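J.: Take a look at this one; I'll ask things after.
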Amino acid sequence: MKEDNLQNLEREQFGDNFRWGVSTAAYQIEGAFDADGKGLSIWDVFTNKRGKVKDRHHGQIACDFYNCFQGDINLIKQLNIPDFRFSVSWSRILPEGTGKINQSGIDFYKRVIDFCLESGITPWLTVYHWDLPHVLEQKGGWTNRDVVNWFSDFTSICAQNFGDTVKHWMVMNEPSVFTGAGYFMGIHAPGRRGMGNFAPAIHHTALSIAEGGRILRSNLPDAEIGTTFSCTHIEPYSHSSRDHAAATRADALLNRLFIEPVLGLGYPVNDLPVLRKLEKHIKPGDEAKLAFDFDFIGLQNYTREIVKSSFFTPYIGARLVKAEKRKVPITTMGWEVYPSAIYHILKKFDAYPQIRKIIITENGAAFPDTVEEGSVRDEKRVKYLQDHIAQVLKAKQEGCKVAGYFVWTLTDNFEWAEGYHPRFGLIYVNFETQERIVKDSGKWFRNFLKS
Ligand code: GCO
């Protein structure tokens with residue numbers, strides 16, 4: 001996209017029906033980890049262990065959204081952001097994971113939803129954004145096939161309690177990240193490692209995504225139902241056939257593992273043979289159960305990865321060549337700033353005829369923001385957003401079925417294993433005082449949405 005196009009970037013170019021929003025997740029913002037009958041989640045327990053999260057940061061208070069939600073929703077309104085994506089905490093609603101409902105938990109989300117609606121903001125609800133109740137983890141968590149039933153019950157409760165007011169739903173957030181980081185690498189909650197945990201977690205998660213879709217559709221026939229996936233644009237390190245093959249395997253693992261079964265295509269076993277290890281967890285009839293015809297697919301993109309063949313990396317035989325080593329511009333997360341990644345990802349998934357509609361449910365960047373004279377001049381984030389939105393427009397103008405774009409995220413928040421160090425927000429948070437300062441990126445987005 002040419003520079004002059006970028007300067008002319010206007011909301012109108014996307015059409016009236018294009019959705020604009022901002023995304024959050026319960027554990028990253030709510031705090032109030034044990035308030036009003038809430039049970040512990042795997043993140044409450046994981047953050048309490050030594051050496052897991054940088055500087056032993058935790059989400060016990062986070063952005064205190066539990067108590068400050070009205071102020072934060074007012075800020076969404078001030079920024080002219082029409083749609084707000086957030087998730088519900090399973091252990092706030094079902095402290096024991098199953099069974100008895102904690103009415104205060106339900107009431108909290110009803111207050112949030114009602115306040116959005118009163119403010120003219122459309123709520124978009126994610127049922128599961130990584131915070132499994134700890135009691136269920138003690139029974140094996142996502143490795144135990146019973147989780148499909150536990151998750152189904154939780155999804156039904158959400159549909160029954162919030163379905164009259166929430167019309168846009170997402171079953172899960174980024175299954176490959178929470179299973180990969182939480183059940184294979186052990187760097188996210190619950191901190192399990194190895195193929196013996198990863199393989200069953202993959203299959204039970206994939207079954208739960210489709211089952212969650214079916215439950216929402218049968219309870220809420222008029223709602224728009226989707227689910228979200230992390231996607232990284234992948235390129236081979238060299239022209240060699242080994243690097244190409246490694247890139248194909250990485251793509252199957254990072255981008256296709258969960259989407260293709262949902263689309264009725266099964267797991268990408270041919271391109272990633274280690275997925276044969278799932279077989280012993282697959283029961284007769286499961287293959288059909290993995291598919292569900294979602295109204296939209298949420299894609300979340302932040303960067304691209306360069307992939308090299310690596311004989312020594314078990315199962316996948318591929319490794320990422322870090323952006324830092326490649327001497328390219330990076331964010332606080334060490335991720336390359338590479339705006340056309342989002343365009344390539346859109347084109348890639350637009351080519352699947354089974355996908356009806358795509359929404360970018362997350363895109364954004366962490367940079368080392370500082371407050372100077374009451375302002376946060378985050379011009380790198382402004383540019384990041386402009387460049388990525390311009391790439392979304394380019395794909396849309398070429399006929400891609402992309403229908404919305406959500407920024408990650410509203411306020412700086414708890415960034416999982418990285419704690420509070422990476423700041424992703426359009427709004428700066430002073431975590432000592434809970435003061436909020438709208439960053440220049442927030443002001444830019446506000447003006448863009450007004451245009
Ligand atoms: C994810 C989650 C978010 C993250 C964000 C930045 O995509 O990993 O949805 O919770 O905070 O992506 O890493």
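Labels used: A, B, ... for chains in the order of the structure tokens, numbers from 1 for residues in each chain, and numbers from 1 for ligands as shown.
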Please list as a PyMOL selection string every residue within 7 Å of stretch 12-29 of chain A, counting only C-alpha atoms and excluding residues in the same chain fewer than 2 positions away.

T.: chain A and resi 10+31+59+62-65+81-89+129+131+362+393+403-410+413-415

J.: Give me a file of those residues, with C-alpha atoms, as a compact mmCIF listing (two decimals), in the first residue's frame.

T.:
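Produced file result_39.txt, reproduced below:
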```
# COMPACT_ATOMS: atom_id res chain seq x y z
CA GLU A 10 -10.64 6.52 6.59
CA GLY A 31 -8.50 -8.71 39.32
CA GLY A 59 -3.67 -11.01 38.20
CA ALA A 62 -4.74 -6.46 37.47
CA CYS A 63 -6.65 -3.42 36.09
CA ASP A 64 -9.34 -3.90 38.75
CA PHE A 65 -11.88 -4.03 35.94
CA ILE A 81 -15.26 2.31 19.74
CA PRO A 82 -18.57 0.63 18.90
CA ASP A 83 -17.78 -3.00 19.88
CA PHE A 84 -16.24 -4.42 23.06
CA ARG A 85 -14.91 -7.98 23.20
CA PHE A 86 -14.36 -9.49 26.66
CA SER A 87 -14.39 -12.94 28.21
CA VAL A 88 -16.14 -14.45 31.22
CA SER A 89 -14.21 -16.14 34.00
CA HIS A 129 -9.98 -17.17 27.36
CA ASP A 131 -8.70 -19.43 32.79
CA GLU A 362 -7.04 -9.13 17.79
CA LEU A 393 -8.28 -2.50 3.79
CA ALA A 403 -15.84 -7.91 8.17
CA GLY A 404 -14.29 -6.43 11.30
CA TYR A 405 -11.16 -5.38 13.17
CA PHE A 406 -10.58 -5.38 16.94
CA VAL A 407 -7.52 -3.82 18.57
CA TRP A 408 -5.70 -5.73 21.29
CA THR A 409 -6.24 -4.07 23.75
CA LEU A 410 -8.15 -1.44 25.71
CA ASN A 413 -2.92 -5.35 31.35
CA PHE A 414 -1.47 -8.64 32.62
CA GLU A 415 0.38 -10.17 29.69
```

J.: Considering only C-alpha atoms, return as a list in words whatever protein or nucleic-acid residues lie within 7 Å of A:Thr331, sequence-local ones (same chain, fewer than 5 positions apart) excluded.

T.: Glu336, Val337, Ala365, Ala366 and Phe367 of chain A

J.: The selected residues should be written to file as a PDB file, in the first residue's frame (atoms: N, CA and C atoms).

T.:
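Saved as again.pdb:
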```pdb
ATOM      1  N   GLU A 336       8.443  -9.264  15.394  1.00  0.00           N
ATOM      2  CA  GLU A 336       8.740  -8.358  14.280  1.00  0.00           C
ATOM      3  C   GLU A 336       7.522  -7.497  13.934  1.00  0.00           C
ATOM      4  N   VAL A 337       7.770  -6.232  13.649  1.00  0.00           N
ATOM      5  CA  VAL A 337       6.696  -5.369  13.133  1.00  0.00           C
ATOM      6  C   VAL A 337       6.671  -5.583  11.626  1.00  0.00           C
ATOM      7  N   ALA A 365       0.074  -4.013  19.484  1.00  0.00           N
ATOM      8  CA  ALA A 365       1.508  -4.103  19.756  1.00  0.00           C
ATOM      9  C   ALA A 365       1.851  -3.530  21.126  1.00  0.00           C
ATOM     10  N   ALA A 366       2.896  -4.116  21.727  1.00  0.00           N
ATOM     11  CA  ALA A 366       3.429  -3.600  22.994  1.00  0.00           C
ATOM     12  C   ALA A 366       4.702  -2.818  22.702  1.00  0.00           C
ATOM     13  N   PHE A 367       4.762  -1.626  23.249  1.00  0.00           N
ATOM     14  CA  PHE A 367       5.983  -0.813  23.153  1.00  0.00           C
ATOM     15  C   PHE A 367       6.251  -0.216  24.534  1.00  0.00           C
TER      16      PHE A 367
END
```

J.: Could you pull the residues within 7 Å of stretch 340-345 of chain A, counting only C-alpha atoms, minus those fewer than 2 positions along the same chain, as a count of residues only?

T.: 13

J.: Measuring between only C-alpha atoms and all ligand atoms, which one of A:Ile93, A:Ala159, A:Ala35, A:Leu299 shows the shortest distance to ligand 1?

T.: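 Closest to ligand 1 of all the choices is A:Leu299.
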
J.: Using only C-alpha atoms and all ligand atoms for the distances, tell me which of A:Lys100, A:His134, A:His188, A:Lys439 is nearest to ligand 1.

T.: A:His188

J.: Quick one: everything within 12 Å of A:Arg214, counting only C-alpha atoms, minus sequence neighbours fewer than 6 positions away in the same chain. Send it as a PDB file with C-alpha atoms, in the first residue's frame.

T.:
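Full text of result_21.pdb as output:
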```
ATOM      1  CA  SER A 152     -20.500 -27.726  27.439  1.00  0.00           C
ATOM      2  CA  THR A 155     -21.280 -22.739  27.726  1.00  0.00           C
ATOM      3  CA  SER A 156     -24.984 -23.551  28.234  1.00  0.00           C
ATOM      4  CA  ALA A 159     -25.967 -18.854  26.774  1.00  0.00           C
ATOM      5  CA  MET A 170     -16.863 -16.497  20.453  1.00  0.00           C
ATOM      6  CA  VAL A 171     -16.433 -19.977  21.884  1.00  0.00           C
ATOM      7  CA  LEU A 207     -14.090 -31.211  20.329  1.00  0.00           C
ATOM      8  CA  SER A 208     -15.110 -28.492  22.806  1.00  0.00           C
ATOM      9  CA  LEU A 220     -29.389 -18.697  20.577  1.00  0.00           C
ATOM     10  CA  PRO A 221     -30.537 -19.185  17.005  1.00  0.00           C
ATOM     11  CA  ALA A 223     -26.867 -14.841  17.646  1.00  0.00           C
ATOM     12  CA  ILE A 225     -21.392 -17.255  16.617  1.00  0.00           C
ATOM     13  CA  GLY A 226     -17.666 -17.511  16.007  1.00  0.00           C
ATOM     14  CA  THR A 227     -14.450 -18.648  17.597  1.00  0.00           C
ATOM     15  CA  VAL A 262     -13.568 -27.035  12.626  1.00  0.00           C
ATOM     16  CA  LYS A 289     -18.068 -33.920  15.886  1.00  0.00           C
ATOM     17  CA  LEU A 290     -14.994 -31.735  15.268  1.00  0.00           C
ATOM     18  CA  ALA A 291     -16.756 -29.702  12.588  1.00  0.00           C
ATOM     19  CA  PHE A 292     -19.091 -26.770  13.100  1.00  0.00           C
ATOM     20  CA  ASP A 293     -20.315 -24.173  10.640  1.00  0.00           C
ATOM     21  CA  PHE A 294     -19.416 -20.940  12.467  1.00  0.00           C
ATOM     22  CA  ASP A 295     -20.920 -17.652  11.322  1.00  0.00           C
TER      23      ASP A 295
END
```

J.: Using DSSP secondary structure from the backbone, list all strand (DSSP E or B) positions within stretch 117-256 of chain A, as a list in words.

T.: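 The residues of stretch 117-256 of chain A classed as strand (DSSP E or B) are Thr122, Pro123, Trp124, Leu125, Thr126, Val127, Tyr128, Pro133, His168, Trp169, Met170, Val171, Met172, Met185, Arg193, Glu224, Ile225, Gly226, Thr227, Thr228, Phe229, Ser230, His233, Ile234, Glu235 and Pro236 of chain A.
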
J.: Filtering to N, CA and C atoms, could you give me those residues as a PDB file, in the first residue's frame?

T.:
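Produced file part-v4.pdb, reproduced below:
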```pdb
ATOM      1  N   THR A 122     -21.679  -2.417  21.740  1.00  0.00           N
ATOM      2  CA  THR A 122     -22.129  -3.790  21.516  1.00  0.00           C
ATOM      3  C   THR A 122     -21.158  -4.766  22.178  1.00  0.00           C
ATOM      4  N   PRO A 123     -21.676  -5.604  23.099  1.00  0.00           N
ATOM      5  CA  PRO A 123     -20.790  -6.588  23.730  1.00  0.00           C
ATOM      6  C   PRO A 123     -20.543  -7.811  22.839  1.00  0.00           C
ATOM      7  N   TRP A 124     -19.287  -8.251  22.788  1.00  0.00           N
ATOM      8  CA  TRP A 124     -18.896  -9.490  22.091  1.00  0.00           C
ATOM      9  C   TRP A 124     -18.267 -10.386  23.148  1.00  0.00           C
ATOM     10  N   LEU A 125     -18.843 -11.538  23.374  1.00  0.00           N
ATOM     11  CA  LEU A 125     -18.436 -12.340  24.518  1.00  0.00           C
ATOM     12  C   LEU A 125     -17.631 -13.588  24.108  1.00  0.00           C
ATOM     13  N   THR A 126     -16.439 -13.730  24.701  1.00  0.00           N
ATOM     14  CA  THR A 126     -15.651 -14.959  24.530  1.00  0.00           C
ATOM     15  C   THR A 126     -15.947 -15.855  25.724  1.00  0.00           C
ATOM     16  N   VAL A 127     -16.348 -17.089  25.474  1.00  0.00           N
ATOM     17  CA  VAL A 127     -16.688 -17.976  26.591  1.00  0.00           C
ATOM     18  C   VAL A 127     -15.419 -18.406  27.342  1.00  0.00           C
ATOM     19  N   TYR A 128     -14.363 -18.728  26.601  1.00  0.00           N
ATOM     20  CA  TYR A 128     -13.165 -19.245  27.279  1.00  0.00           C
ATOM     21  C   TYR A 128     -11.902 -18.554  26.789  1.00  0.00           C
ATOM     22  N   PRO A 133     -11.047 -23.389  35.630  1.00  0.00           N
ATOM     23  CA  PRO A 133     -11.089 -23.528  37.098  1.00  0.00           C
ATOM     24  C   PRO A 133     -10.025 -24.527  37.581  1.00  0.00           C
ATOM     25  N   HIS A 168     -23.321 -11.474  19.952  1.00  0.00           N
ATOM     26  CA  HIS A 168     -22.073 -11.842  19.258  1.00  0.00           C
ATOM     27  C   HIS A 168     -21.220 -12.672  20.209  1.00  0.00           C
ATOM     28  N   TRP A 169     -20.909 -13.889  19.794  1.00  0.00           N
ATOM     29  CA  TRP A 169     -20.246 -14.835  20.691  1.00  0.00           C
ATOM     30  C   TRP A 169     -19.005 -15.424  20.040  1.00  0.00           C
ATOM     31  N   MET A 170     -18.014 -15.715  20.884  1.00  0.00           N
ATOM     32  CA  MET A 170     -16.863 -16.497  20.453  1.00  0.00           C
ATOM     33  C   MET A 170     -16.669 -17.623  21.459  1.00  0.00           C
ATOM     34  N   VAL A 171     -16.533 -18.835  20.970  1.00  0.00           N
ATOM     35  CA  VAL A 171     -16.433 -19.977  21.884  1.00  0.00           C
ATOM     36  C   VAL A 171     -15.113 -19.925  22.644  1.00  0.00           C
ATOM     37  N   MET A 172     -14.006 -19.824  21.907  1.00  0.00           N
ATOM     38  CA  MET A 172     -12.698 -19.912  22.574  1.00  0.00           C
ATOM     39  C   MET A 172     -11.724 -18.930  21.982  1.00  0.00           C
ATOM     40  N   MET A 185       4.663 -26.830  26.439  1.00  0.00           N
ATOM     41  CA  MET A 185       5.913 -26.166  26.838  1.00  0.00           C
ATOM     42  C   MET A 185       5.949 -25.842  28.327  1.00  0.00           C
ATOM     43  N   ARG A 193       3.807 -30.238  30.575  1.00  0.00           N
ATOM     44  CA  ARG A 193       4.734 -30.374  29.448  1.00  0.00           C
ATOM     45  C   ARG A 193       4.565 -31.697  28.738  1.00  0.00           C
ATOM     46  N   GLU A 224     -24.856 -14.263  16.463  1.00  0.00           N
ATOM     47  CA  GLU A 224     -23.760 -14.487  15.527  1.00  0.00           C
ATOM     48  C   GLU A 224     -22.661 -15.216  16.312  1.00  0.00           C
ATOM     49  N   ILE A 225     -22.276 -16.387  15.828  1.00  0.00           N
ATOM     50  CA  ILE A 225     -21.392 -17.255  16.617  1.00  0.00           C
ATOM     51  C   ILE A 225     -20.091 -17.528  15.882  1.00  0.00           C
ATOM     52  N   GLY A 226     -18.984 -17.257  16.580  1.00  0.00           N
ATOM     53  CA  GLY A 226     -17.666 -17.511  16.007  1.00  0.00           C
ATOM     54  C   GLY A 226     -16.735 -18.112  17.033  1.00  0.00           C
ATOM     55  N   THR A 227     -15.488 -18.222  16.673  1.00  0.00           N
ATOM     56  CA  THR A 227     -14.450 -18.648  17.597  1.00  0.00           C
ATOM     57  C   THR A 227     -13.143 -18.080  17.052  1.00  0.00           C
ATOM     58  N   THR A 228     -12.113 -17.943  17.895  1.00  0.00           N
ATOM     59  CA  THR A 228     -10.930 -17.224  17.417  1.00  0.00           C
ATOM     60  C   THR A 228      -9.669 -18.095  17.399  1.00  0.00           C
ATOM     61  N   PHE A 229      -8.769 -17.753  16.492  1.00  0.00           N
ATOM     62  CA  PHE A 229      -7.527 -18.511  16.303  1.00  0.00           C
ATOM     63  C   PHE A 229      -6.360 -17.540  16.154  1.00  0.00           C
ATOM     64  N   SER A 230      -5.210 -17.940  16.721  1.00  0.00           N
ATOM     65  CA  SER A 230      -3.996 -17.155  16.490  1.00  0.00           C
ATOM     66  C   SER A 230      -3.413 -17.563  15.148  1.00  0.00           C
ATOM     67  N   HIS A 233       1.910 -15.227  10.029  1.00  0.00           N
ATOM     68  CA  HIS A 233       2.359 -15.429   8.649  1.00  0.00           C
ATOM     69  C   HIS A 233       3.748 -16.073   8.692  1.00  0.00           C
ATOM     70  N   ILE A 234       3.892 -17.178   7.972  1.00  0.00           N
ATOM     71  CA  ILE A 234       5.144 -17.951   8.050  1.00  0.00           C
ATOM     72  C   ILE A 234       5.869 -17.947   6.719  1.00  0.00           C
ATOM     73  N   GLU A 235       7.172 -17.696   6.785  1.00  0.00           N
ATOM     74  CA  GLU A 235       7.996 -17.768   5.573  1.00  0.00           C
ATOM     75  C   GLU A 235       9.219 -18.627   5.858  1.00  0.00           C
ATOM     76  N   PRO A 236       9.640 -19.408   4.865  1.00  0.00           N
ATOM     77  CA  PRO A 236      10.856 -20.213   5.070  1.00  0.00           C
ATOM     78  C   PRO A 236      12.097 -19.318   5.096  1.00  0.00           C
TER      79      PRO A 236
END
```

J.: Can you list, as a ChimeraX atom specification, all residues belonging to stretch 104-251 of chain A that DSSP tags as alpha helix (DSSP H)?

T.: /A:104-118,134-137,147-162,175-179,195-219,241-251

J.: Would you mind exporting C-alpha atoms of the selected residues as a compact mmCIF listing (two decimals), in the first residue's frame?

T.:
```txt
# COMPACT_ATOMS: atom_id res chain seq x y z
CA SER A 104 -22.63 -12.90 42.08
CA GLY A 105 -20.49 -13.96 39.13
CA ILE A 106 -23.47 -13.99 36.78
CA ASP A 107 -24.64 -10.65 38.17
CA PHE A 108 -21.24 -9.06 37.57
CA TYR A 109 -21.26 -9.92 33.87
CA LYS A 110 -24.88 -8.82 33.59
CA ARG A 111 -23.88 -5.43 35.00
CA VAL A 112 -21.01 -5.20 32.49
CA ILE A 113 -23.27 -6.16 29.58
CA ASP A 114 -26.07 -3.82 30.64
CA PHE A 115 -23.66 -0.95 31.07
CA CYS A 116 -22.27 -1.56 27.58
CA LEU A 117 -25.76 -1.53 26.10
CA GLU A 118 -26.75 1.62 28.01
CA HIS A 134 -8.25 -25.01 39.16
CA VAL A 135 -10.48 -27.78 40.52
CA LEU A 136 -10.94 -29.05 36.97
CA GLU A 137 -7.19 -28.97 36.34
CA VAL A 147 -13.69 -31.52 29.99
CA VAL A 148 -15.87 -31.56 26.89
CA ASN A 149 -18.90 -32.05 29.15
CA TRP A 150 -17.69 -29.54 31.75
CA PHE A 151 -17.14 -26.96 29.04
CA SER A 152 -20.50 -27.73 27.44
CA ASP A 153 -22.30 -27.15 30.73
CA PHE A 154 -20.46 -23.87 31.26
CA THR A 155 -21.28 -22.74 27.73
CA SER A 156 -24.98 -23.55 28.23
CA ILE A 157 -25.02 -21.52 31.45
CA CYS A 158 -23.48 -18.56 29.63
CA ALA A 159 -25.97 -18.85 26.77
CA GLN A 160 -28.92 -19.07 29.15
CA ASN A 161 -27.83 -16.14 31.31
CA PHE A 162 -26.37 -13.73 28.77
CA PRO A 175 -6.62 -22.85 21.26
CA SER A 176 -3.14 -23.49 19.86
CA VAL A 177 -1.57 -21.01 22.28
CA PHE A 178 -3.20 -22.28 25.47
CA THR A 179 -2.66 -25.93 24.60
CA MET A 195 3.33 -34.77 24.04
CA GLY A 196 1.51 -36.95 26.59
CA ASN A 197 -0.33 -33.84 27.80
CA PHE A 198 -0.43 -31.91 24.54
CA ALA A 199 -2.06 -34.60 22.37
CA PRO A 200 -5.17 -35.17 24.52
CA ALA A 201 -5.45 -31.43 25.28
CA ILE A 202 -5.53 -30.71 21.54
CA HIS A 203 -8.26 -33.20 20.81
CA HIS A 204 -10.49 -32.33 23.76
CA THR A 205 -10.14 -28.64 23.01
CA ALA A 206 -11.01 -29.17 19.35
CA LEU A 207 -14.09 -31.21 20.33
CA SER A 208 -15.11 -28.49 22.81
CA ILE A 209 -14.87 -25.72 20.23
CA ALA A 210 -17.34 -27.41 17.89
CA GLU A 211 -19.57 -28.56 20.74
CA GLY A 212 -19.57 -25.02 22.15
CA GLY A 213 -20.65 -23.73 18.73
CA ARG A 214 -23.52 -26.22 18.60
CA ILE A 215 -24.68 -25.34 22.12
CA LEU A 216 -24.66 -21.61 21.41
CA ARG A 217 -26.50 -22.06 18.11
CA SER A 218 -29.21 -24.26 19.60
CA ASN A 219 -29.76 -21.91 22.55
CA SER A 241 13.48 -27.63 0.20
CA ARG A 242 14.26 -28.46 3.85
CA ASP A 243 13.34 -24.97 5.02
CA HIS A 244 10.21 -25.04 2.88
CA ALA A 245 9.16 -28.34 4.41
CA ALA A 246 9.91 -26.97 7.90
CA ALA A 247 7.75 -23.90 7.16
CA THR A 248 4.90 -26.16 6.06
CA ARG A 249 5.09 -28.12 9.32
CA ALA A 250 5.19 -24.91 11.38
CA ASP A 251 2.20 -23.57 9.46
```

J.: Name the closest residue to ligand 1 among the candidates A:Glu435, A:Asp222, A:Glu174, A:Asp164; distances are taken between atoms, counting only C-alpha atoms and all ligand atoms.

T.: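 The answer is A:Glu174, which sits nearest to ligand 1.
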
J.: One number please: atom CA of A:Gly399 to atom CA of A:Tyr352, in Å, one decimal.

T.: 13.5 Å

J.: Could you list, as a ChimeraX atom specification, every residue within 7 Å of A:Ala417, counting only C-alpha atoms and ignoring same-chain residues fewer than 4 positions away?

T.: /A:52-54,187-188

J.: Quick one: pull the distance between atom CA of A:Asn102 and atom CA of A:Gly37, Å, one decimal.

T.: 6.5 Å

J.: Using only C-alpha atoms, which residues sit within 12 Å of A:Gly51 once same-chain residues fewer than 4 positions away are excluded, as a short mmCIF file (atom, residue, chain, number, x, y, z; two decimals) with all heavy atoms, in the first residue's frame?

T.:
```
data_model
loop_
_atom_site.label_atom_id
_atom_site.label_comp_id
_atom_site.auth_asym_id
_atom_site.auth_seq_id
_atom_site.Cartn_x
_atom_site.Cartn_y
_atom_site.Cartn_z
N PHE A 46 -1.03 -20.75 39.00
CA PHE A 46 0.24 -20.71 38.26
C PHE A 46 1.07 -19.48 38.64
O PHE A 46 2.29 -19.56 38.82
CB PHE A 46 -0.10 -20.70 36.76
CG PHE A 46 1.09 -20.83 35.84
CD1 PHE A 46 1.75 -22.04 35.68
CD2 PHE A 46 1.52 -19.75 35.07
CE1 PHE A 46 2.82 -22.17 34.80
CE2 PHE A 46 2.58 -19.86 34.19
CZ PHE A 46 3.24 -21.08 34.05
N THR A 47 0.39 -18.34 38.76
CA THR A 47 1.13 -17.09 39.07
C THR A 47 1.68 -17.11 40.49
O THR A 47 2.54 -16.31 40.82
CB THR A 47 0.21 -15.86 38.91
OG1 THR A 47 -1.00 -16.09 39.63
CG2 THR A 47 -0.13 -15.59 37.46
N ASP A 55 8.98 -11.52 37.36
CA ASP A 55 8.86 -10.76 38.60
C ASP A 55 7.69 -11.20 39.46
O ASP A 55 7.16 -10.43 40.27
CB ASP A 55 8.75 -9.25 38.31
CG ASP A 55 10.03 -8.73 37.68
OD1 ASP A 55 11.11 -9.25 38.01
OD2 ASP A 55 9.94 -7.81 36.83
N ARG A 56 7.26 -12.39 39.25
CA ARG A 56 6.13 -12.96 40.01
C ARG A 56 4.88 -12.07 39.98
O ARG A 56 4.12 -12.01 40.94
CB ARG A 56 6.54 -13.26 41.45
CG ARG A 56 6.95 -14.73 41.54
CD ARG A 56 7.16 -15.18 42.93
NE ARG A 56 6.13 -16.14 43.35
CZ ARG A 56 6.20 -16.78 44.51
NH1 ARG A 56 7.18 -16.55 45.35
NH2 ARG A 56 5.28 -17.65 44.83
N HIS A 57 4.69 -11.41 38.85
CA HIS A 57 3.45 -10.64 38.69
C HIS A 57 2.26 -11.61 38.66
O HIS A 57 2.41 -12.78 38.33
CB HIS A 57 3.49 -9.86 37.37
CG HIS A 57 4.42 -8.68 37.40
ND1 HIS A 57 4.70 -7.92 36.28
CD2 HIS A 57 5.12 -8.12 38.42
CE1 HIS A 57 5.54 -6.95 36.60
NE2 HIS A 57 5.81 -7.05 37.89
N GLY A 186 4.79 -25.80 28.95
CA GLY A 186 4.75 -25.53 30.39
C GLY A 186 5.04 -24.09 30.77
O GLY A 186 5.30 -23.80 31.94
N ILE A 187 4.96 -23.18 29.81
CA ILE A 187 5.28 -21.78 30.12
C ILE A 187 4.03 -20.94 30.45
O ILE A 187 4.14 -19.80 30.85
CB ILE A 187 6.09 -21.10 28.99
CG1 ILE A 187 5.36 -21.20 27.65
CG2 ILE A 187 7.49 -21.74 28.89
CD1 ILE A 187 6.01 -20.39 26.53
N HIS A 188 2.88 -21.51 30.21
CA HIS A 188 1.62 -20.88 30.64
C HIS A 188 0.91 -21.88 31.56
O HIS A 188 1.23 -23.06 31.57
CB HIS A 188 0.71 -20.61 29.43
CG HIS A 188 1.02 -19.32 28.71
ND1 HIS A 188 0.21 -18.83 27.72
CD2 HIS A 188 2.03 -18.42 28.83
CE1 HIS A 188 0.71 -17.68 27.26
NE2 HIS A 188 1.82 -17.42 27.92
N GLY A 191 0.99 -25.24 33.22
CA GLY A 191 2.41 -25.56 33.34
C GLY A 191 2.76 -27.01 33.06
O GLY A 191 3.78 -27.51 33.50
N ALA A 417 2.79 -14.78 30.92
CA ALA A 417 4.12 -15.05 31.50
C ALA A 417 5.01 -13.82 31.54
O ALA A 417 6.01 -13.80 32.26
CB ALA A 417 4.80 -16.18 30.72
N GLU A 418 4.66 -12.79 30.79
CA GLU A 418 5.47 -11.57 30.76
C GLU A 418 5.02 -10.56 31.82
O GLU A 418 5.60 -9.47 31.93
CB GLU A 418 5.38 -10.89 29.39
CG GLU A 418 5.76 -11.78 28.21
CD GLU A 418 7.18 -12.30 28.32
OE1 GLU A 418 8.07 -11.50 28.67
OE2 GLU A 418 7.41 -13.51 28.09
N GLY A 419 4.00 -10.90 32.58
CA GLY A 419 3.52 -9.99 33.62
C GLY A 419 3.04 -8.66 33.06
O GLY A 419 2.48 -8.61 31.95
#
```

J.: What is the atom CA of A:Thr411-atom CA of A:Ile76 distance in Å, reported with one decimal?

T.: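 So the answer is 10.0 Å.
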
J.: With only C-alpha atoms as the atoms that count, which of A:Gly298, A:Val382, A:Glu279, A:Ile61 lies nearest to A:Asn447?

T.: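 Under the stated criterion, the closest residue is A:Val382.
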
J.: Which of these, A:Gln386, A:Ser238, A:Asn144, A:Ser91, has the shortest distance to A:Ile42 once you count only C-alpha atoms?

T.: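 Result for the nearest residue to A:Ile42: A:Ser91.
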